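*Asks:* Input file: model05.txt. Contents: compact mmCIF, C-alpha atoms.
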# COMPACT_ATOMS: atom_id res chain seq x y z
CA MET A 1 -218.83 -166.52 -60.61
CA THR A 2 -221.05 -166.57 -63.67
CA ALA A 3 -220.28 -164.66 -66.82
CA SER A 4 -223.44 -162.57 -66.31
CA VAL A 5 -221.90 -161.14 -63.15
CA ILE A 6 -218.52 -160.42 -64.70
CA GLU A 7 -219.80 -158.77 -67.86
CA ARG A 8 -223.27 -157.30 -68.32
CA PHE A 9 -225.22 -155.88 -71.24
CA ARG A 10 -228.71 -154.49 -71.63
CA GLU A 11 -230.75 -152.31 -73.93
CA LEU A 12 -231.56 -148.85 -72.64
CA VAL A 13 -235.30 -148.33 -72.20
CA VAL A 14 -236.26 -144.96 -73.68
CA ASP A 15 -239.78 -143.81 -72.79
CA GLU A 16 -240.40 -140.39 -74.33
CA SER A 17 -243.53 -139.97 -72.19
CA ASP A 18 -241.49 -140.12 -68.98
CA PRO A 19 -242.21 -136.87 -67.06
CA PHE A 20 -238.73 -136.71 -65.47
CA TYR A 21 -236.26 -137.58 -68.24
CA PHE A 22 -238.40 -136.03 -71.01
CA ASP A 23 -239.67 -133.03 -69.13
CA HIS A 24 -239.64 -131.10 -72.42
CA PRO A 25 -239.35 -132.16 -76.09
CA LEU A 26 -235.90 -133.47 -77.03
CA ASP A 27 -234.41 -134.66 -80.30
CA HIS A 28 -231.94 -137.01 -78.55
CA VAL A 29 -231.65 -139.24 -75.50
CA PRO A 30 -230.84 -137.02 -72.49
CA GLY A 31 -227.56 -137.46 -70.66
CA MET A 32 -229.42 -138.02 -67.39
CA LEU A 33 -231.10 -141.10 -68.82
CA LEU A 34 -227.76 -142.48 -70.01
CA PHE A 35 -226.26 -141.92 -66.55
CA SER A 36 -229.26 -143.51 -64.87
CA GLY A 37 -229.17 -146.59 -67.10
CA LEU A 38 -225.43 -147.12 -66.70
CA LEU A 39 -225.62 -146.60 -62.93
CA GLU A 40 -228.43 -149.13 -62.58
CA LEU A 41 -226.59 -151.71 -64.68
CA ALA A 42 -223.36 -151.29 -62.69
CA ALA A 43 -225.20 -151.31 -59.34
CA ARG A 44 -226.92 -154.59 -60.18
CA ALA A 45 -223.68 -156.22 -61.26
CA ASP A 46 -221.90 -154.86 -58.19
CA GLY A 47 -224.65 -156.11 -55.89
CA LEU A 48 -224.20 -159.65 -57.15
CA ARG A 49 -220.43 -159.43 -56.92
CA ALA A 50 -220.52 -157.92 -53.43
CA GLY A 51 -223.05 -160.40 -52.06
CA GLY A 52 -225.81 -157.82 -51.81
CA ARG A 53 -223.73 -155.41 -49.72
CA ARG A 54 -225.09 -151.92 -50.34
CA PRO A 55 -222.43 -149.28 -51.08
CA ALA A 56 -222.03 -146.13 -49.03
CA ARG A 57 -220.78 -144.00 -51.93
CA VAL A 58 -220.56 -143.88 -55.68
CA VAL A 59 -217.65 -142.36 -57.62
CA ALA A 60 -218.12 -141.93 -61.36
CA GLY A 61 -216.60 -140.28 -64.40
CA LEU A 62 -218.48 -140.20 -67.71
CA ASP A 63 -217.68 -138.56 -71.02
CA PHE A 64 -220.44 -137.84 -73.55
CA THR A 65 -218.80 -138.14 -76.96
CA ARG A 66 -221.68 -137.86 -79.41
CA PHE A 67 -225.46 -137.46 -79.55
CA CYS A 68 -227.47 -140.50 -78.50
CA GLU A 69 -230.26 -140.70 -81.06
CA LEU A 70 -233.89 -141.58 -80.35
CA ASP A 71 -234.47 -143.56 -83.55
CA ARG A 72 -232.12 -146.46 -82.82
CA GLY A 73 -231.33 -148.86 -80.01
CA THR A 74 -228.77 -148.10 -77.32
CA THR A 75 -226.73 -150.90 -75.76
CA LEU A 76 -225.35 -150.44 -72.25
CA SER A 77 -222.42 -152.46 -70.95
CA CYS A 78 -220.36 -152.77 -67.79
CA ARG A 79 -217.22 -154.77 -67.11
CA PRO A 80 -215.18 -155.07 -63.91
CA VAL A 81 -212.00 -153.02 -63.80
CA PRO A 82 -209.05 -155.45 -63.37
CA GLY A 83 -207.42 -155.14 -59.97
CA ARG A 84 -210.03 -152.75 -58.57
CA ASN A 85 -212.72 -153.94 -56.21
CA ARG A 86 -216.23 -152.70 -56.94
CA ALA A 87 -215.14 -150.64 -59.96
CA TRP A 88 -216.71 -150.96 -63.41
CA THR A 89 -215.99 -149.74 -66.92
CA VAL A 90 -219.27 -148.65 -68.50
CA ALA A 91 -220.33 -147.59 -71.98
CA ALA A 92 -223.40 -146.78 -74.06
CA ARG A 93 -223.22 -147.59 -77.78
CA GLN A 94 -225.37 -147.10 -80.85
CA SER A 95 -224.62 -149.03 -84.04
CA GLY A 96 -221.29 -150.04 -82.54
CA ARG A 97 -220.19 -146.47 -81.81
CA GLU A 98 -219.73 -145.22 -78.26
CA VAL A 99 -221.91 -142.26 -77.29
CA CYS A 100 -221.02 -142.24 -73.59
CA GLY A 101 -218.36 -144.05 -71.58
CA GLY A 102 -216.31 -144.02 -68.44
CA SER A 103 -216.24 -145.68 -65.05
CA ILE A 104 -218.48 -146.18 -62.02
CA ALA A 105 -217.10 -147.37 -58.68
CA PHE A 106 -218.76 -148.10 -55.36
CA ALA A 107 -217.24 -147.62 -51.92
CA ASP A 108 -218.10 -149.07 -48.53
CA ALA A 109 -217.24 -145.94 -46.56
CA GLY A 110 -216.83 -142.20 -46.87
CA PRO A 111 -217.76 -138.95 -45.13
CA ALA A 112 -220.55 -139.59 -42.67
CA VAL A 113 -224.03 -138.45 -43.65
CA PRO A 114 -225.84 -136.98 -40.62
CA PRO A 115 -229.00 -138.80 -39.51
CA GLY A 116 -231.13 -135.66 -39.56
CA ALA A 117 -231.28 -131.90 -39.25
CA PRO A 118 -231.43 -130.57 -35.69
CA ARG A 119 -231.60 -127.01 -37.06
CA PRO A 120 -233.32 -127.21 -40.46
CA PRO A 121 -232.92 -124.11 -42.63
CA ALA A 122 -235.89 -122.07 -43.76
CA PRO A 123 -237.71 -123.50 -46.82
CA ALA A 124 -236.08 -122.29 -50.03
CA ARG A 125 -237.91 -120.67 -52.92
CA PRO A 126 -237.63 -122.91 -56.01
CA ALA A 127 -235.56 -121.60 -58.89
CA PRO A 128 -237.56 -120.55 -61.97
CA ALA A 129 -238.08 -123.65 -64.10
CA ARG A 130 -236.76 -121.94 -67.24
CA LEU A 131 -233.41 -121.24 -65.55
CA VAL A 132 -232.81 -124.97 -65.02
CA HIS A 133 -234.26 -126.03 -68.39
CA ARG A 134 -237.31 -127.69 -66.88
CA ARG A 135 -240.98 -127.18 -67.67
CA ARG A 136 -242.75 -129.02 -64.84
CA PRO A 137 -242.41 -127.16 -61.52
CA GLY A 138 -242.32 -130.51 -59.69
CA ASN A 139 -239.07 -131.38 -61.49
CA VAL A 140 -237.21 -128.33 -60.17
CA LEU A 141 -234.73 -129.70 -57.62
CA VAL A 142 -232.85 -126.54 -56.65
CA GLY A 143 -233.70 -123.30 -54.94
CA ALA A 144 -232.93 -119.85 -56.24
CA PRO A 145 -229.19 -119.04 -56.10
CA VAL A 146 -227.88 -117.17 -53.06
CA ARG A 147 -224.54 -115.35 -52.87
CA ARG A 148 -222.48 -115.89 -49.73
CA GLY A 149 -220.01 -113.04 -49.81
CA ARG A 150 -217.98 -112.36 -52.93
CA GLY A 151 -216.69 -115.85 -53.61
CA VAL A 152 -219.51 -118.37 -53.09
CA VAL A 153 -222.87 -119.06 -54.74
CA GLU A 154 -225.10 -121.76 -53.30
CA CYS A 155 -228.59 -123.14 -53.56
CA ALA A 156 -230.77 -125.51 -51.56
CA VAL A 157 -231.49 -129.00 -52.90
CA LEU A 158 -235.27 -129.44 -53.03
CA GLN A 159 -237.53 -132.48 -52.91
CA PRO A 160 -239.06 -133.61 -56.21
CA GLU A 161 -242.80 -133.76 -56.58
CA GLY A 162 -244.19 -136.99 -55.19
CA ALA A 163 -241.10 -137.88 -53.13
CA ARG A 164 -241.89 -140.34 -50.37
CA PRO A 165 -240.68 -139.24 -46.91
CA GLY A 166 -239.08 -142.59 -46.09
CA GLU A 167 -237.42 -143.06 -49.48
CA PRO A 168 -233.86 -141.66 -49.52
CA ARG A 169 -232.35 -139.54 -52.23
CA GLY A 170 -230.28 -141.54 -54.69
CA PRO A 171 -227.43 -140.59 -57.04
CA VAL A 172 -229.70 -139.80 -60.00
CA GLU A 173 -231.65 -137.23 -57.99
CA ILE A 174 -228.46 -135.67 -56.63
CA VAL A 175 -226.80 -135.53 -60.06
CA GLU A 176 -229.89 -133.94 -61.60
CA ALA A 177 -229.93 -131.30 -58.85
CA GLY A 178 -226.28 -130.56 -59.62
CA ARG A 179 -227.01 -130.35 -63.35
CA GLN A 180 -229.77 -127.84 -62.66
CA PHE A 181 -227.44 -125.81 -60.43
CA ALA A 182 -224.75 -125.73 -63.14
CA THR A 183 -227.35 -124.73 -65.75
CA MET A 184 -228.73 -121.96 -63.55
CA LEU A 185 -225.23 -120.56 -62.99
CA GLU A 186 -224.66 -120.34 -66.74
CA HIS A 187 -227.64 -118.01 -67.08
CA GLU A 188 -227.59 -116.13 -63.78
CA VAL A 189 -223.83 -115.72 -63.24
CA HIS A 190 -222.21 -116.14 -66.65
CA GLY A 191 -224.90 -114.35 -68.65
CA ARG A 192 -225.80 -117.07 -71.15
CA PRO A 193 -228.96 -116.17 -73.12
CA MET A 194 -232.05 -118.18 -72.24
CA ASP A 195 -232.20 -119.85 -75.67
CA ALA A 196 -228.72 -121.37 -75.26
CA THR A 197 -228.45 -125.16 -75.19
CA LEU A 198 -225.88 -126.80 -72.92
CA LEU A 199 -224.41 -129.94 -74.47
CA TRP A 200 -222.93 -132.24 -71.83
CA VAL A 201 -219.43 -133.47 -72.50
CA MET A 202 -218.28 -134.57 -69.02
CA LEU A 203 -219.62 -135.60 -65.63
CA ARG A 204 -217.56 -136.40 -62.50
CA LEU A 205 -219.05 -137.19 -59.11
CA ASP A 206 -218.25 -138.51 -55.66
CA VAL A 207 -221.46 -138.56 -53.60
CA PRO A 208 -223.29 -140.67 -51.01
CA TYR A 209 -225.24 -143.55 -52.49
CA ARG A 210 -228.21 -142.73 -50.27
CA VAL A 211 -229.14 -139.59 -48.31
CA GLY A 212 -232.20 -139.45 -46.06
CA ARG A 213 -234.83 -136.88 -46.97
CA ASP A 214 -234.64 -135.43 -43.48
CA VAL A 215 -231.08 -134.26 -44.23
CA PRO A 216 -231.18 -130.73 -45.71
CA LEU A 217 -228.72 -130.43 -48.58
CA VAL A 218 -227.07 -127.48 -50.27
CA LEU A 219 -224.95 -127.17 -53.41
CA ARG A 220 -222.06 -124.73 -53.21
CA TRP A 221 -219.96 -123.24 -56.02
CA LEU A 222 -216.74 -121.35 -55.41
CA THR A 223 -216.81 -118.69 -58.08
CA ALA A 224 -214.15 -119.64 -60.60
CA ARG A 225 -214.45 -119.98 -64.34
CA ALA A 226 -212.16 -122.28 -66.28
CA PRO A 227 -210.62 -120.75 -69.43
CA GLY A 228 -211.58 -122.09 -72.84
CA ARG A 229 -214.77 -122.81 -74.76
CA ARG A 230 -216.23 -125.27 -72.29
CA SER A 231 -218.53 -124.29 -69.47
CA ARG A 232 -217.42 -125.90 -66.21
CA CYS A 233 -219.04 -126.10 -62.80
CA ALA A 234 -217.40 -127.84 -59.84
CA ALA A 235 -219.91 -127.93 -56.98
CA ILE A 236 -219.74 -129.17 -53.40
CA LEU A 237 -222.63 -131.12 -51.89
CA ALA A 238 -222.98 -130.19 -48.21
CA ASP A 239 -225.18 -130.68 -45.18
CA ALA A 240 -227.13 -127.43 -44.90
CA SER A 241 -227.70 -127.73 -41.14
CA GLY A 242 -224.07 -128.21 -40.11
CA GLY A 243 -222.09 -127.27 -43.21
CA ALA A 244 -220.15 -130.55 -43.51
CA ASP A 245 -219.05 -131.45 -47.06
CA LEU A 246 -220.66 -134.68 -48.24
CA GLY A 247 -219.45 -134.93 -51.83
CA SER A 248 -218.59 -133.24 -55.10
CA LEU A 249 -220.06 -132.88 -58.59
CA THR A 250 -218.35 -131.52 -61.70
CA TYR A 251 -220.00 -130.80 -65.05
CA GLU A 252 -218.59 -129.63 -68.36
CA ALA A 253 -220.65 -128.59 -71.37
CA TYR A 254 -220.57 -126.59 -74.58
CA ALA A 255 -223.08 -123.73 -74.73
CA VAL A 256 -224.51 -123.22 -78.22
CA ASP A 257 -227.14 -120.87 -79.62
CA PRO A 258 -230.09 -122.18 -81.71
CA GLU A 259 -228.26 -121.72 -85.03
CA GLN A 260 -225.14 -123.50 -83.76
CA TYR A 261 -227.28 -126.32 -82.39
CA ALA A 262 -229.11 -126.72 -85.71
CA ARG A 263 -225.79 -126.90 -87.57
CA THR A 264 -224.46 -129.46 -85.11
CA ARG A 265 -227.52 -131.69 -85.52
CA ALA A 266 -227.40 -131.40 -89.31
CA ARG A 267 -223.94 -133.00 -89.54
If you took the structure in this file and wrote it as structure tokens, what would it be?

*Replies:*
Amino acid sequence: MTASVIERFRELVVDESDPFYFDHPLDHVPGMLLFSGLLELAARADGLRAGGRRPARVVAGLDFTRFCELDRGTTLSCRPVPGRNRAWTVAARQSGREVCGGSIAFADAGPAVPPGAPRPPAPARPAPARLVHRRRPGNVLVGAPVRRGRGVVECAVLQPEGARPGEPRGPVEIVEAGRQFATMLEHEVHGRPMDATLLWVMLRLDVPYRVGRDVPLVLRWLTARAPGRRSRCAAILADASGGADLGSLTYEAYAVDPEQYARTRAR
């Protein structure tokens, strides 16, 4: 096995004109782009190691430790975890300092994803773009929140603009939908002002690697707020037609107002 399979490095490509990752002006590299780059690097290395066998699921845990700046290069790396099949330690670094790190693992099996929706739910109304910190309506991936009794809030997972019917949803799309759901809850349920910025500090996920676009998905949050300064959202990814749980997504962030954000960036 060649060294390039065992240990991989690459420079993160940052295109500030990208309509998905840079939907609105940012003064740093977005966490979604870091996740996407690390996932792609690990998936390529894993594909070579696994003889091209496509995984059924991806399980990941990432911590975002500092801002990833736009004015310098970002090196991505992945290394196999000793003693664990299809598991990788990943990191993003700038000037030798880690800005994001954790692990990404791939699994051959998990909860079955249904082939389609025999009873598709009614089309959902998209959430307002401002509630999910998006500007382009085509980038809104969640429907407006719906309360199910006193203890559950859920939303439909929508198709992005330009999605091809035969092209399945991948982890990046699912994670972005979950991020939008968590952001929307901060404003709609927890009362955060609309000018608040949510700074990612943690992402955990266990989701299918591919989900067909004919499978209607819903994100579900059991109303519970963790104590402390961090905002936390633990969501369930489910099949909207039958209700079966397909995976989980957990996000933690610090919510800061414009003055707090300016002070943080000035350090």

*Asks:* Rounded to one decimal place, report the atom CA of Arg192 of chain A-atom CA of Tyr254 of chain A distance in Å.

*Replies:*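 Answer for the atom CA of Arg192 of chain A to atom CA of Tyr254 of chain A separation: 11.4 Å.
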
*Asks:* Just to confirm, what's the straight-line distance from atom CA of Ala196 of chain A to atom CA of Met32 of chain A in Å (one decimal)?

*Replies:*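 Atom CA of Ala196 of chain A sits 18.4 Å away from atom CA of Met32 of chain A.
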
*Asks:* Which residue is closest to Leu131 of chain A? Choose from A:Val157, A:Ala182, A:Ala244, A:Ala91 and count only C-alpha atoms.

*Replies:*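 Nearest to Leu131 of chain A: A:Ala182.
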
*Asks:* A:Asp239, A:Glu173, A:Asp245, A:Asp195: which is nearest Val215 of chain A, counting all atoms listed in the file?

*Replies:*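 For Val215 of chain A, the nearest of the candidates is A:Asp239.
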
*Asks:* Leaving out Pro30 of chain A and any residue of its chain fewer than 6 positions from it, which residues lie within 10 Å of it when counting only C-alpha atoms, given as a PyMOL selection string?

*Replies:* chain A and resi 14+21-22+67-70+199-200

*Asks:* Would you mind exporting C-alpha atoms of the selected residues as a PDB file, keeping the file's coordinate frame?

*Replies:*
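Saved as out-v7.pdb:
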ATOM      1  CA  VAL A  14    -236.260-144.960 -73.680  1.00  0.00           C
ATOM      2  CA  TYR A  21    -236.260-137.580 -68.240  1.00  0.00           C
ATOM      3  CA  PHE A  22    -238.400-136.030 -71.010  1.00  0.00           C
ATOM      4  CA  PHE A  67    -225.460-137.460 -79.550  1.00  0.00           C
ATOM      5  CA  CYS A  68    -227.470-140.500 -78.500  1.00  0.00           C
ATOM      6  CA  GLU A  69    -230.260-140.700 -81.060  1.00  0.00           C
ATOM      7  CA  LEU A  70    -233.890-141.580 -80.350  1.00  0.00           C
ATOM      8  CA  LEU A 199    -224.410-129.940 -74.470  1.00  0.00           C
ATOM      9  CA  TRP A 200    -222.930-132.240 -71.830  1.00  0.00           C
TER      10      TRP A 200
END

*Asks:* Counting all atoms listed in the file, which of A:Ala56, A:Leu222, A:Ala43, A:Leu76 gets nearest to Ala109 of chain A?

*Replies:*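 For Ala109 of chain A, the nearest of the given residues is A:Ala56.
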
*Asks:* Considering all atoms listed in the file, can you say which of A:Val211, A:Leu141, A:Ala235, A:Met184 comes closest to Arg169 of chain A?

*Replies:*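 Distance minimum relative to Arg169 of chain A lands on A:Val211.
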
*Asks:* Please enclose the listed atoms of segment 149-154 of chain A in an axis-aligned box, pad each side by 3 Å, and write out the centre and the three edge lengths in Å, rounded to one decimal, as AutoDock Vina command-line options.

*Replies:*
--center_x -220.9 --center_y -117.1 --center_z -52.3 --size_x 14.4 --size_y 15.4 --size_z 10.9

*Asks:* Considering only C-alpha atoms, can you say which of A:Arg84, A:Arg213, A:Arg220, A:His24 comes closest to Ala107 of chain A?

*Replies:*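 Result for the nearest residue to Ala107 of chain A: A:Arg84.
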
*Asks:* Within 12 Å of Arg125 of chain A, counting only C-alpha atoms, which residues qualify if same-chain residues fewer than 4 places away don't, as a list in words?

*Replies:*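 Close residues of Arg125 of chain A: Pro121, Ala129, Pro137, Val140, Leu141, Val142, Gly143, Ala144, Pro145, Val146, Cys155, Ala156, Val157, Leu158 and Gln159 of chain A.
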
*Asks:* Extract, using all atoms listed in the file, all DNA, RNA and protein residues at most 10 Å from segment 93-105 of chain A, discarding same-chain residues fewer than 2 positions from it, and format them as a compact mmCIF listing (two decimals) with C-alpha atoms, in the coordinates of the input.

*Replies:*
# COMPACT_ATOMS: atom_id res chain seq x y z
CA GLU A 11 -230.75 -152.31 -73.93
CA LEU A 12 -231.56 -148.85 -72.64
CA GLY A 31 -227.56 -137.46 -70.66
CA LEU A 34 -227.76 -142.48 -70.01
CA PHE A 35 -226.26 -141.92 -66.55
CA LEU A 38 -225.43 -147.12 -66.70
CA LEU A 39 -225.62 -146.60 -62.93
CA ALA A 42 -223.36 -151.29 -62.69
CA ALA A 43 -225.20 -151.31 -59.34
CA ASP A 46 -221.90 -154.86 -58.19
CA PRO A 55 -222.43 -149.28 -51.08
CA ARG A 57 -220.78 -144.00 -51.93
CA VAL A 58 -220.56 -143.88 -55.68
CA VAL A 59 -217.65 -142.36 -57.62
CA ALA A 60 -218.12 -141.93 -61.36
CA GLY A 61 -216.60 -140.28 -64.40
CA LEU A 62 -218.48 -140.20 -67.71
CA ASP A 63 -217.68 -138.56 -71.02
CA PHE A 64 -220.44 -137.84 -73.55
CA THR A 65 -218.80 -138.14 -76.96
CA ARG A 66 -221.68 -137.86 -79.41
CA PHE A 67 -225.46 -137.46 -79.55
CA CYS A 68 -227.47 -140.50 -78.50
CA GLU A 69 -230.26 -140.70 -81.06
CA ARG A 72 -232.12 -146.46 -82.82
CA GLY A 73 -231.33 -148.86 -80.01
CA THR A 74 -228.77 -148.10 -77.32
CA THR A 75 -226.73 -150.90 -75.76
CA LEU A 76 -225.35 -150.44 -72.25
CA SER A 77 -222.42 -152.46 -70.95
CA CYS A 78 -220.36 -152.77 -67.79
CA ARG A 79 -217.22 -154.77 -67.11
CA PRO A 80 -215.18 -155.07 -63.91
CA VAL A 81 -212.00 -153.02 -63.80
CA ARG A 84 -210.03 -152.75 -58.57
CA ASN A 85 -212.72 -153.94 -56.21
CA ARG A 86 -216.23 -152.70 -56.94
CA ALA A 87 -215.14 -150.64 -59.96
CA TRP A 88 -216.71 -150.96 -63.41
CA THR A 89 -215.99 -149.74 -66.92
CA VAL A 90 -219.27 -148.65 -68.50
CA ALA A 91 -220.33 -147.59 -71.98
CA ALA A 107 -217.24 -147.62 -51.92
CA VAL A 201 -219.43 -133.47 -72.50
CA MET A 202 -218.28 -134.57 -69.02
CA LEU A 203 -219.62 -135.60 -65.63
CA ARG A 204 -217.56 -136.40 -62.50
CA LEU A 205 -219.05 -137.19 -59.11
CA ASP A 206 -218.25 -138.51 -55.66

*Asks:* Have a look at atom CA of Pro171 of chain A and atom CA of Ser248 of chain A and let me know their distance in Å, one decimal.

*Replies:* 11.7 Å

*Asks:* Using all atoms listed in the file, find the one residue out of A:His133, A:Thr197, A:Asp15, A:His187 that sits nearest to Glu259 of chain A.

*Replies:*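 With all atoms listed in the file as the atom set, the closest residue is A:Thr197.
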